[in-house]
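Everything on this sheet refers to the single structure shown next.
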Amino acid sequence: MVTAETTVEQAPARPKPVSLPAWRCVLYEVALNGLRILWETVNDFSLWRLIEYPWATRALGIARGDTVVDIGSGTSSFPHMLAKEGVNVVIVEIEHRRVRWQRDKRRATARPGDGELLPIVADATRLPFRSGSVPSISAISSLEHIPDDAAVGREIGRVLAPGGIVALTLPFTGSERTSFFAGIRPFKQVARNAFVQEGKPGSFFRFYTDDDIRQTYIEPANAEVVERRAFGRSILNRRYHETRLTRFWRRIVLKDLLLAWLIHPLEERFDRSDPLYVMLALRKRREES
């Protein structure tokens with residue numbers, strides 16, 4: 001029986017999940033990389049990022065003080081945006097020069113109240129974390145560039161904590177891709193649904209079918225899909241990105257903001273053609289007791 005003298009201990013209320021809308025991504029990008037980002041990007045910021053970053057942040061359900069491992073960050077500003085929202089981020093990147101870029105950017109832009117940000121040189125096929133120790137993982141347009149993606153999928157499954165979330169964005173095909181940027185850039189096919197750009201080392205690029213995604217990422221993590229979204233269908237991709245209009249891809253970021261706000265939602269609602277990318281939130285199942 002509960003009496004007046006009974007002390008009831010309650011767990012502290014969880015902080016509200018952070019939000020990263022597209023307009024705030026633009027403001028952060030300007031703060032991190034200067035005003036010229038508005039008319040010509042200086043890293044990997046583009047239309048797709050204005051779709052991916054807000055989605056991934058929401059799908060992870062992270063709050064101030066939480067920790068995220070971001071795989072294959074390159075020179076992406078996404079980890080810095082999360083840190084500005086009070087999230088702790090570990091950047092996993094295999095290239096030393098890109099890790100130096102991330103460390104230099106952190107030193108130049110860190111402010112009181114930011115979350116911690118730790119860029120490390122590490123191989124995603126051999127993640128330097130204990131099994132079941134990582135609560136949240138993001139991989140934004142990165143895993144398609146890693147030839148041994150099966151090893152990466154096993155490692156994500158190994159280190160992800162039971163009940164943990166991984167947010168992935170992956171190039172998609174309903175069946176088979178036999179060309180990429182045909183007639184625009186010199187990509188050649190090197191395997192099923194896999195391409196490299198001629199004369200550009202390290203340009204490996206893979207498309208995934210639903211079976212590939214299941215075998216490579218879902219099953220090794222003993223995970224369930226808790227959310228699936230997509231982008232880049234007949235307008236934003238086949239009438240813009242994979243056409244000669246792609247020369248405008250890195251120009252005038254405010255046009256991309258409008259495309260992300262206006263065209264992307266309409267395309268996803270009414271267009272049933274294959275998307276260029278799928279966005280997946282996977283939750284690792286908890287072991288049965």
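Simple scheme: letters A, B, ... for chains in structure tokens order, numbers from 1 for residues in each chain, numbers from 1 for ligands in the order shown.
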Inset, instruction - Using backbone DSSP assignments, extract all strand (DSSP E) residues from region 65-209 of chain A; output them as number ranges by chain. - result: A: 67-71, 88-93, 117-121, 134-140, 160-171, 187-191, 194-197, 205-206
Show me a table, sorted first by chain and then by increasing residue number, of the residues of region 94-140 of chain A having an atom at most 10 Å from region 46-66 of chain A, each with its shortest atom pair and the distance in Å to one decimal, counting only C-alpha atoms and written as CSV.
```
residue,atom,partner,partner_atom,distance
A:Asp114,CA,A:Arg64,CA,9.3
A:Gly115,CA,A:Gly65,CA,6.8
A:Glu116,CA,A:Gly65,CA,8.8
A:Pro135,CA,A:Asp66,CA,8.5
A:Ser136,CA,A:Leu60,CA,6.7
A:Ile137,CA,A:Leu60,CA,8.0
A:Ser138,CA,A:Ala56,CA,7.3
A:Ala139,CA,A:Ala56,CA,9.0
A:Ile140,CA,A:Glu52,CA,7.1
```
Restricted to C-alpha atoms, what would the selected residues look like written as a PDB file, in the first residue's frame?
```pdb
ATOM      1  CA  ASP A 114      28.542  21.753 -27.990  1.00  0.00           C
ATOM      2  CA  GLY A 115      28.586  17.996 -27.639  1.00  0.00           C
ATOM      3  CA  GLU A 116      31.907  16.179 -27.834  1.00  0.00           C
ATOM      4  CA  PRO A 135      23.597   2.836 -29.072  1.00  0.00           C
ATOM      5  CA  SER A 136      23.293   4.821 -32.316  1.00  0.00           C
ATOM      6  CA  ILE A 137      25.030   4.613 -35.696  1.00  0.00           C
ATOM      7  CA  SER A 138      24.638   6.759 -38.785  1.00  0.00           C
ATOM      8  CA  ALA A 139      26.036   6.150 -42.264  1.00  0.00           C
ATOM      9  CA  ILE A 140      24.915   8.833 -44.706  1.00  0.00           C
TER      10      ILE A 140
END
```
Inset, instruction - Please provide as a ChimeraX atom specification all residues within 10 Å of Ser133 (chain A), with the sequence filter that same-chain residues fewer than 4 positions apart are discarded (counting only C-alpha atoms). - result: /A:129,158-162,164
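Closest approach to Thr41 (chain A) from the set A:Leu254, A:Val121, A:Ala223, A:Leu262 is made by A:Leu254, with distances taken over only C-alpha atoms.
Across the structure, CA of Asp70 (chain A) and CA of Phe181 (chain A) are spaced 27.6 Å apart.
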Legend entry - Nearest to Val166 (chain A) by atom-to-atom distance, counting only C-alpha atoms, from A:Glu227, A:Asp211, A:Asp123, A:Glu144: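 Looking only at the distances to Val166 (chain A), the closest residue turns out to be A:Glu227.
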Legend entry - Polymer residues at most 7 Å from region 271-287 of chain A, only C-alpha atoms, same-chain spacing of 3 or more positions, as a PyMOL selection string: chain A and resi 59+162-174+221-234+237+267-268
Expected file: the selected residues, N, CA and C atoms, as a compact mmCIF listing (two decimals), in the first residue's frame:
```txt
# COMPACT_ATOMS: atom_id res chain seq x y z
N ALA A 59 15.22 9.97 -37.26
CA ALA A 59 15.12 8.51 -37.18
C ALA A 59 15.94 7.95 -36.02
N PRO A 162 21.85 -3.92 -28.25
CA PRO A 162 20.46 -4.38 -28.36
C PRO A 162 19.49 -3.22 -28.16
N GLY A 163 18.55 -3.09 -29.06
CA GLY A 163 17.63 -1.96 -29.03
C GLY A 163 18.18 -0.72 -29.68
N GLY A 164 19.47 -0.76 -30.12
CA GLY A 164 20.09 0.39 -30.76
C GLY A 164 19.58 0.61 -32.17
N ILE A 165 19.78 1.82 -32.67
CA ILE A 165 19.29 2.23 -33.99
C ILE A 165 20.47 2.55 -34.89
N VAL A 166 20.38 2.10 -36.15
CA VAL A 166 21.31 2.53 -37.17
C VAL A 166 20.50 3.16 -38.30
N ALA A 167 20.92 4.36 -38.71
CA ALA A 167 20.27 5.08 -39.81
C ALA A 167 21.19 5.03 -41.02
N LEU A 168 20.72 4.41 -42.10
CA LEU A 168 21.50 4.23 -43.31
C LEU A 168 20.82 4.91 -44.49
N THR A 169 21.60 5.49 -45.39
CA THR A 169 21.07 5.89 -46.68
C THR A 169 21.91 5.21 -47.75
N LEU A 170 21.23 4.53 -48.69
CA LEU A 170 21.89 3.64 -49.64
C LEU A 170 21.33 3.83 -51.04
N PRO A 171 22.18 3.84 -52.07
CA PRO A 171 21.68 3.87 -53.45
C PRO A 171 20.85 2.61 -53.73
N PHE A 172 19.78 2.76 -54.50
CA PHE A 172 18.81 1.68 -54.65
C PHE A 172 18.53 1.38 -56.11
N THR A 173 18.28 0.11 -56.38
CA THR A 173 17.73 -0.31 -57.67
C THR A 173 16.74 -1.44 -57.43
N GLY A 174 15.64 -1.43 -58.17
CA GLY A 174 14.63 -2.48 -58.02
C GLY A 174 15.11 -3.82 -58.51
N ALA A 221 22.66 -7.81 -38.38
CA ALA A 221 22.39 -7.05 -37.15
C ALA A 221 21.22 -7.62 -36.37
N ASN A 222 20.60 -8.71 -36.88
CA ASN A 222 19.38 -9.22 -36.25
C ASN A 222 18.42 -8.06 -35.99
N ALA A 223 18.17 -7.29 -37.06
CA ALA A 223 17.46 -6.02 -36.92
C ALA A 223 16.09 -6.07 -37.59
N GLU A 224 15.28 -5.13 -37.21
CA GLU A 224 14.00 -4.91 -37.88
C GLU A 224 13.98 -3.50 -38.45
N VAL A 225 13.31 -3.34 -39.59
CA VAL A 225 13.19 -2.03 -40.21
C VAL A 225 12.08 -1.27 -39.49
N VAL A 226 12.44 -0.16 -38.86
CA VAL A 226 11.43 0.63 -38.15
C VAL A 226 10.99 1.84 -38.96
N GLU A 227 11.76 2.20 -39.98
CA GLU A 227 11.33 3.28 -40.87
C GLU A 227 12.06 3.14 -42.20
N ARG A 228 11.32 3.42 -43.28
CA ARG A 228 11.92 3.40 -44.62
C ARG A 228 11.37 4.60 -45.40
N ARG A 229 12.28 5.39 -45.95
CA ARG A 229 11.93 6.50 -46.81
C ARG A 229 12.82 6.45 -48.04
N ALA A 230 12.61 7.36 -48.98
CA ALA A 230 13.41 7.35 -50.21
C ALA A 230 13.47 8.76 -50.79
N PHE A 231 14.33 8.93 -51.78
CA PHE A 231 14.39 10.21 -52.50
C PHE A 231 15.06 10.02 -53.85
N GLY A 232 14.84 11.00 -54.73
CA GLY A 232 15.49 11.00 -56.03
C GLY A 232 14.80 10.13 -57.05
N ARG A 233 13.59 10.49 -57.43
CA ARG A 233 12.85 9.69 -58.41
C ARG A 233 12.91 10.37 -59.78
N SER A 234 11.78 10.41 -60.50
CA SER A 234 11.84 10.80 -61.91
C SER A 234 12.14 12.28 -62.13
N ASN A 237 15.94 13.14 -59.75
CA ASN A 237 17.09 12.41 -60.27
C ASN A 237 17.10 12.40 -61.80
N GLU A 267 7.05 14.39 -54.94
CA GLU A 267 7.58 13.25 -55.68
C GLU A 267 7.40 11.95 -54.89
N GLU A 268 7.67 12.01 -53.59
CA GLU A 268 7.54 10.81 -52.78
C GLU A 268 6.09 10.39 -52.61
```
Legend entry - From A:Val196, A:Leu236, A:Ile37, A:Leu257, residue lying nearest Arg24 (chain A) [only C-alpha atoms]: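 Of A:Val196, A:Leu236, A:Ile37, A:Leu257, the one nearest Arg24 (chain A), counting only C-alpha atoms, is A:Leu257.
The shortest atom-to-atom distance to Arg250 (chain A), with only C-alpha atoms taken into account, belongs to A:Trp39 out of A:Phe204, A:Trp39, A:Phe180, A:Tyr28.
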Inset, instruction - Please return as a ChimeraX atom specification: the residues of region 20-190 of chain A that backbone DSSP assigns to helix (DSSP H, G or I). - result: /A:22-33,35-38,47-60,78-84,96-109,143-145,149-159
Inset, instruction - Find the residue from A:Gly153, A:Lys200, A:Ile120, A:Arg106 that sits nearest to Glu219 (chain A); use only C-alpha atoms when measuring. - result: A:Gly153
Quick one: contact table of region 163-199 of chain A to region 242-249 of chain A, 12 Å max, nearest atom pair and distance in Å to one decimal per residue, counting only C-alpha atoms, chain and number order, as a Markdown table?
```
| residue | atom | partner | partner_atom | distance |
| --- | --- | --- | --- | --- |
| A:Ser179 | CA | A:Glu242 | CA | 10.7 |
| A:Phe180 | CA | A:Glu242 | CA | 7.8 |
| A:Phe181 | CA | A:Glu242 | CA | 5.5 |
| A:Ala182 | CA | A:Glu242 | CA | 8.1 |
| A:Gly183 | CA | A:Thr243 | CA | 8.7 |
| A:Ile184 | CA | A:Arg244 | CA | 6.4 |
| A:Arg185 | CA | A:Arg244 | CA | 9.5 |
```
Would you write out those residues with N, CA and C atoms, as a PDB file, in the first residue's frame?
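That gives us result04.pdb:
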```
ATOM      1  N   SER A 179      24.110   1.059 -65.870  1.00  0.00           N
ATOM      2  CA  SER A 179      24.821   2.300 -66.175  1.00  0.00           C
ATOM      3  C   SER A 179      24.596   3.288 -65.042  1.00  0.00           C
ATOM      4  N   PHE A 180      25.501   4.261 -64.976  1.00  0.00           N
ATOM      5  CA  PHE A 180      25.407   5.319 -63.966  1.00  0.00           C
ATOM      6  C   PHE A 180      26.013   6.576 -64.573  1.00  0.00           C
ATOM      7  N   PHE A 181      25.262   7.662 -64.563  1.00  0.00           N
ATOM      8  CA  PHE A 181      25.680   8.900 -65.208  1.00  0.00           C
ATOM      9  C   PHE A 181      26.077   8.665 -66.669  1.00  0.00           C
ATOM     10  N   ALA A 182      25.320   7.814 -67.345  1.00  0.00           N
ATOM     11  CA  ALA A 182      25.658   7.450 -68.727  1.00  0.00           C
ATOM     12  C   ALA A 182      25.714   8.689 -69.616  1.00  0.00           C
ATOM     13  N   GLY A 183      26.819   8.847 -70.347  1.00  0.00           N
ATOM     14  CA  GLY A 183      26.984   9.974 -71.256  1.00  0.00           C
ATOM     15  C   GLY A 183      27.324  11.284 -70.578  1.00  0.00           C
ATOM     16  N   ILE A 184      27.455  11.279 -69.244  1.00  0.00           N
ATOM     17  CA  ILE A 184      27.734  12.505 -68.494  1.00  0.00           C
ATOM     18  C   ILE A 184      29.088  12.412 -67.812  1.00  0.00           C
ATOM     19  N   ARG A 185      29.316  11.296 -67.123  1.00  0.00           N
ATOM     20  CA  ARG A 185      30.611  11.042 -66.484  1.00  0.00           C
ATOM     21  C   ARG A 185      31.056   9.630 -66.857  1.00  0.00           C
TER      22      ARG A 185
END
```
Legend entry - Non-local contacts of Val92 (chain A) (6 Å; only C-alpha atoms; under 4 positions in same chain excluded) as a list in words: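 Residues meeting the cut-off are Ile71, Gly72, Ile120 and Ala122 of chain A.
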File dump, residues just selected, N, CA and C atoms, as an mmCIF file, in the first residue's frame:
```cif
data_model
loop_
_atom_site.group_PDB
_atom_site.id
_atom_site.type_symbol
_atom_site.label_atom_id
_atom_site.label_comp_id
_atom_site.auth_asym_id
_atom_site.auth_seq_id
_atom_site.Cartn_x
_atom_site.Cartn_y
_atom_site.Cartn_z
ATOM 1 N N ILE A 71 29.736 6.750 -39.572
ATOM 2 C CA ILE A 71 30.671 5.971 -40.377
ATOM 3 C C ILE A 71 30.865 6.613 -41.739
ATOM 4 N N GLY A 72 32.126 6.782 -42.118
ATOM 5 C CA GLY A 72 32.441 7.296 -43.451
ATOM 6 C C GLY A 72 32.086 8.752 -43.631
ATOM 7 N N ILE A 120 38.253 9.826 -35.622
ATOM 8 C CA ILE A 120 39.308 8.823 -35.512
ATOM 9 C C ILE A 120 39.533 8.165 -36.869
ATOM 10 N N ALA A 122 39.880 4.926 -38.652
ATOM 11 C CA ALA A 122 39.512 3.532 -38.388
ATOM 12 C C ALA A 122 38.861 2.948 -39.630
#
```
Inset, instruction - Extract, using only C-alpha atoms, all DNA, RNA and protein residues at most 10 Å from Arg192 (chain A), discarding same-chain residues fewer than 2 positions from it, and format them as a PyMOL selection string. - result: chain A and resi 176-178+189-190+194-195+206-208
Legend entry - Spatial neighbours of Arg107 (chain A), max dist 12 Å, only C-alpha atoms, sep filter under 4 positions, as a PyMOL selection string: chain A and resi 32+80+100-103+111+114+116-119
